[in-house]
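Trainee: Shown below is the structure under consideration.
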Amino acid sequence: MADTLLVRALKGKPKTLNLCNKKLNKVPRAIGKLDCVLHLQLRGNKLKDLPNELSHLFQLQILNLGNNELEDLPEVLEYLTMLEKLHLFNNQLQNLSPKVLTNMRNLTFLNLNSNQLKTFPPEICRLTSLQHLSVDYNKLTELPVEICALLRLEEFRAAGNQLTSLPLEFGFLVNLEKLYLQKNKIRELPESLGKCYKLRVIDIAANELRIFPTELGDLPLKEMYCEENPLLQHIPVHSVQEEEVLSLKEITARYVMKELKDRHPEKRWSYLRRAIRHYPQIKDMLAQASKCSVCGESFLNTWLECVRFVDAKSDLHLTNITGLVPIRALLCSYKCFNSAGHQYYGVAFP
Ligand SMILES: [Zn+2]
């Protein structure tokens, strides 16, 4: 039947060819003659590979290979350099061939849902046009840092995997608008998530999250799903902590950062400001500093992880949930913690 369809197609110059649900084990080689096709549907067959002749469809923009039996990315895909949308959902993919990924520079949409992927190869970063990446219901345990180089990514879906964290550099994805991570084992979201300044939707339901990153409140979120997480509860217990003695390294770092921040004209040419230029490693180290939520001063390593509870509706302007959301706050010292007039709570474990 597929052959009849192909013969018919060969008589015209079709832009679209639909070979869905035809029980095909193989794609007929004659397909190579249809070099005018832009949209090819091969969904719902029994394909384990694709013929080399497919490489003649050099104009192909949309290819649907969902619901087949592919165990590897067919090598011929590397020649389909005009491909913009690729559906591979519900196959048996265990790996993504780096060679194929490297040539998919025009791909904007990739659906890999319901496969057997355990990780992405670093070459995922070659998909520089990618805007939508969906990898729901695979076996991912981690994401490579290279995924953070997909700077055009607007939507990322990885629900139903085994992820325990996201790369620390996740905030490089500045165009991300929708993030779906429900049903994983994520314990912590990276602080850099606060840099995804277009993020409107986040679904982190059914994970192992206790607290949200410091800058969550600065994101333009409209919807957030966070049910079924062991989120910190707002049950205040009074406690006063003794002030601690900081390490010499920490004291020095705080002193240097305070001096460098001082914009007073007399300090502009200070010895420290001139000297630091010759120590790039120290500059890098100081770039990792955090800011105290109470006094606003910078600190390097020693901090107190606290929590503030913000109202989902009035503070975060979320439309889909109500109640309090725990957001991380870092304090520089017990002195700041013990001071009056702030809304930060220490975290107690039962
Ligand atoms: Zn402080």
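Residue numbering restarts at 1 for every chain of the structure tokens, chains are lettered A, B, ... in their displayed order, and ligands are numbered from 1 as they appear.
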Would you mind listing the residues within 6 Å of ligand 1, counting only C-alpha atoms and all ligand atoms, as a ChimeraX atom specification?

Mentor: /A:292,294-295,297,331-333,336

Trainee: At a cut-off of 10 Å, using only C-alpha atoms, what residues contact A:Met224? Leave out same-chain residues fewer than 3 positions from it and give the result as a PyMOL selection string.

Mentor: chain A and resi 179-180+200-205+221+227+312+316+318-321

Trainee: Suppose we keep C-alpha atoms; can you now write the selection as a PDB file, in the first residue's frame?

Mentor:
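As written to disk, selection.pdb reads:
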```pdb
ATOM      1  CA  LEU A 179      10.142  24.582  32.250  1.00  0.00           C
ATOM      2  CA  TYR A 180       8.463  21.242  33.001  1.00  0.00           C
ATOM      3  CA  ARG A 200       6.649  32.256  32.921  1.00  0.00           C
ATOM      4  CA  VAL A 201       5.765  28.646  33.733  1.00  0.00           C
ATOM      5  CA  ILE A 202       7.549  26.167  35.989  1.00  0.00           C
ATOM      6  CA  ASP A 203       6.258  22.727  36.895  1.00  0.00           C
ATOM      7  CA  ILE A 204       8.373  21.090  39.597  1.00  0.00           C
ATOM      8  CA  ALA A 205       5.556  19.024  41.150  1.00  0.00           C
ATOM      9  CA  LEU A 221       6.154  33.718  36.668  1.00  0.00           C
ATOM     10  CA  GLU A 227       2.619  20.108  44.928  1.00  0.00           C
ATOM     11  CA  ALA A 312       1.982  32.932  46.039  1.00  0.00           C
ATOM     12  CA  LEU A 316       4.678  36.184  43.375  1.00  0.00           C
ATOM     13  CA  LEU A 318       0.844  33.498  40.568  1.00  0.00           C
ATOM     14  CA  THR A 319      -2.622  32.760  39.267  1.00  0.00           C
ATOM     15  CA  ASN A 320      -2.796  28.997  39.793  1.00  0.00           C
ATOM     16  CA  ILE A 321      -1.796  28.432  43.434  1.00  0.00           C
TER      17      ILE A 321
END
```

Trainee: Kindly give the distance, in Å, that separates atom CA of A:Ile147 and atom CA of A:Ala287, rounded to a single decimal.

Mentor: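 Separation of atom CA of A:Ile147 and atom CA of A:Ala287: 23.1 Å.
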
Trainee: Excluding A:Lys33 and its own-chain neighbours fewer than 3 positions away, which residues fall within 8 Å of it when counting only C-alpha atoms? Please give them as a compact mmCIF listing (two decimals) with all heavy atoms, in the first residue's frame.

Mentor:
```
# COMPACT_ATOMS: atom_id res chain seq x y z
N LEU A 10 4.82 10.13 -6.81
CA LEU A 10 5.87 10.41 -7.79
C LEU A 10 5.33 11.13 -9.02
O LEU A 10 6.07 11.83 -9.71
CB LEU A 10 6.56 9.11 -8.20
CG LEU A 10 7.56 8.55 -7.20
CD1 LEU A 10 7.96 7.12 -7.56
CD2 LEU A 10 8.79 9.43 -7.11
N ALA A 30 12.33 4.07 -3.11
CA ALA A 30 11.87 5.04 -4.12
C ALA A 30 11.60 6.41 -3.51
O ALA A 30 11.50 7.41 -4.23
CB ALA A 30 10.61 4.51 -4.78
N HIS A 56 18.23 12.20 -0.10
CA HIS A 56 17.90 13.02 -1.28
C HIS A 56 16.80 14.03 -0.98
O HIS A 56 16.59 14.96 -1.73
CB HIS A 56 17.47 12.12 -2.45
CG HIS A 56 18.53 11.14 -2.84
ND1 HIS A 56 18.28 10.03 -3.61
CD2 HIS A 56 19.85 11.09 -2.53
CE1 HIS A 56 19.40 9.35 -3.76
NE2 HIS A 56 20.36 9.97 -3.12
N LEU A 57 16.11 13.83 0.15
CA LEU A 57 15.04 14.78 0.51
C LEU A 57 15.67 15.97 1.23
O LEU A 57 15.39 16.27 2.38
CB LEU A 57 13.99 14.10 1.40
CG LEU A 57 12.88 13.31 0.69
CD1 LEU A 57 13.44 12.15 -0.10
CD2 LEU A 57 11.85 12.82 1.70
```

Trainee: Step one, run DSSP on the backbone; step two, keep only residues of stretch 14-260 of chain A assigned to strand (DSSP E); then write them as a PyMOL selection string.

Mentor: chain A and resi 16-18+39-41+62-64+85-87+109-111+132-134+155-157+178-180+201-203+223-225

Trainee: Restricting the output to N, CA and C atoms, write the selected residues as a JSON list (two decimals), in the first residue's frame.

Mentor:
```json
[["chain", "number", "residue", "atom", "x", "y", "z"],
["A", 16, "THR", "N", 3.94, 17.40, 0.86],
["A", 16, "THR", "CA", 3.69, 16.60, 2.07],
["A", 16, "THR", "C", 3.47, 15.14, 1.68],
["A", 17, "LEU", "N", 4.03, 14.22, 2.47],
["A", 17, "LEU", "CA", 3.79, 12.80, 2.20],
["A", 17, "LEU", "C", 3.44, 12.13, 3.52],
["A", 18, "ASN", "N", 2.26, 11.47, 3.54],
["A", 18, "ASN", "CA", 1.80, 10.85, 4.77],
["A", 18, "ASN", "C", 1.84, 9.32, 4.66],
["A", 39, "HIS", "N", 7.49, 17.89, 4.15],
["A", 39, "HIS", "CA", 6.89, 17.38, 5.38],
["A", 39, "HIS", "C", 6.63, 15.87, 5.20],
["A", 40, "LEU", "N", 7.33, 15.06, 5.98],
["A", 40, "LEU", "CA", 7.18, 13.60, 5.83],
["A", 40, "LEU", "C", 6.69, 12.97, 7.13],
["A", 41, "GLN", "N", 5.55, 12.27, 7.00],
["A", 41, "GLN", "CA", 4.96, 11.60, 8.16],
["A", 41, "GLN", "C", 5.22, 10.11, 8.10],
["A", 62, "ILE", "N", 10.06, 18.97, 8.08],
["A", 62, "ILE", "CA", 9.38, 18.32, 9.20],
["A", 62, "ILE", "C", 9.39, 16.80, 8.99],
["A", 63, "LEU", "N", 9.86, 16.07, 10.00],
["A", 63, "LEU", "CA", 9.92, 14.61, 9.89],
["A", 63, "LEU", "C", 9.34, 14.01, 11.17],
["A", 64, "ASN", "N", 8.28, 13.22, 11.00],
["A", 64, "ASN", "CA", 7.67, 12.58, 12.17],
["A", 64, "ASN", "C", 7.96, 11.09, 12.16],
["A", 85, "LYS", "N", 11.76, 20.46, 12.34],
["A", 85, "LYS", "CA", 11.01, 19.76, 13.39],
["A", 85, "LYS", "C", 11.21, 18.26, 13.26],
["A", 86, "LEU", "N", 11.60, 17.63, 14.36],
["A", 86, "LEU", "CA", 11.85, 16.19, 14.34],
["A", 86, "LEU", "C", 11.14, 15.54, 15.53],
["A", 87, "HIS", "N", 10.21, 14.63, 15.20],
["A", 87, "HIS", "CA", 9.45, 13.90, 16.23],
["A", 87, "HIS", "C", 10.02, 12.48, 16.34],
["A", 109, "PHE", "N", 12.70, 22.24, 16.86],
["A", 109, "PHE", "CA", 11.78, 21.46, 17.68],
["A", 109, "PHE", "C", 12.23, 20.00, 17.69],
["A", 110, "LEU", "N", 12.42, 19.43, 18.89],
["A", 110, "LEU", "CA", 12.84, 18.04, 18.99],
["A", 110, "LEU", "C", 12.04, 17.35, 20.09],
["A", 111, "ASN", "N", 11.28, 16.33, 19.70],
["A", 111, "ASN", "CA", 10.47, 15.58, 20.65],
["A", 111, "ASN", "C", 11.04, 14.17, 20.81],
["A", 132, "HIS", "N", 12.39, 24.29, 21.25],
["A", 132, "HIS", "CA", 11.55, 23.38, 22.04],
["A", 132, "HIS", "C", 12.23, 22.03, 22.14],
["A", 133, "LEU", "N", 12.51, 21.61, 23.37],
["A", 133, "LEU", "CA", 13.14, 20.30, 23.58],
["A", 133, "LEU", "C", 12.30, 19.55, 24.60],
["A", 134, "SER", "N", 11.84, 18.36, 24.18],
["A", 134, "SER", "CA", 10.97, 17.58, 25.05],
["A", 134, "SER", "C", 11.54, 16.18, 25.21],
["A", 155, "GLU", "N", 11.36, 26.37, 25.57],
["A", 155, "GLU", "CA", 10.57, 25.41, 26.33],
["A", 155, "GLU", "C", 11.39, 24.14, 26.52],
["A", 156, "PHE", "N", 11.49, 23.69, 27.76],
["A", 156, "PHE", "CA", 12.23, 22.46, 28.05],
["A", 156, "PHE", "C", 11.34, 21.57, 28.90],
["A", 157, "ARG", "N", 11.13, 20.35, 28.41],
["A", 157, "ARG", "CA", 10.31, 19.38, 29.13],
["A", 157, "ARG", "C", 11.14, 18.14, 29.44],
["A", 178, "LYS", "N", 9.22, 28.31, 29.49],
["A", 178, "LYS", "CA", 8.45, 27.24, 30.12],
["A", 178, "LYS", "C", 9.39, 26.09, 30.50],
["A", 179, "LEU", "N", 9.27, 25.64, 31.74],
["A", 179, "LEU", "CA", 10.14, 24.58, 32.25],
["A", 179, "LEU", "C", 9.28, 23.54, 32.96],
["A", 180, "TYR", "N", 9.29, 22.31, 32.43],
["A", 180, "TYR", "CA", 8.46, 21.24, 33.00],
["A", 180, "TYR", "C", 9.37, 20.12, 33.52],
["A", 201, "VAL", "N", 6.41, 29.84, 33.20],
["A", 201, "VAL", "CA", 5.77, 28.65, 33.73],
["A", 201, "VAL", "C", 6.83, 27.69, 34.26],
["A", 202, "ILE", "N", 6.66, 27.21, 35.48],
["A", 202, "ILE", "CA", 7.55, 26.17, 35.99],
["A", 202, "ILE", "C", 6.70, 25.10, 36.67],
["A", 203, "ASP", "N", 6.94, 23.86, 36.26],
["A", 203, "ASP", "CA", 6.26, 22.73, 36.90],
["A", 203, "ASP", "C", 7.33, 21.85, 37.53],
["A", 223, "GLU", "N", 2.56, 30.90, 36.20],
["A", 223, "GLU", "CA", 2.07, 29.62, 36.73],
["A", 223, "GLU", "C", 3.24, 28.87, 37.36],
["A", 224, "MET", "N", 2.96, 28.29, 38.54],
["A", 224, "MET", "CA", 3.97, 27.44, 39.16],
["A", 224, "MET", "C", 3.25, 26.25, 39.78],
["A", 225, "TYR", "N", 3.78, 25.06, 39.53],
["A", 225, "TYR", "CA", 3.19, 23.85, 40.10],
["A", 225, "TYR", "C", 4.25, 23.22, 41.00]]
```

Trainee: Between A:Ile282, A:Leu50, A:Leu112, A:Ile235, which is the closest to A:Thr252 once you count only C-alpha atoms?

Mentor: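 Using only C-alpha atoms, A:Thr252 sits closest to A:Ile282.
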
Trainee: So, with only C-alpha atoms as the atoms that count, which of A:Pro167, A:Gly346, A:Pro230, A:Pro28 lies closest to A:Ala149?

Mentor: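 Of A:Pro167, A:Gly346, A:Pro230, A:Pro28, the one nearest A:Ala149 is A:Pro167, counting only C-alpha atoms.
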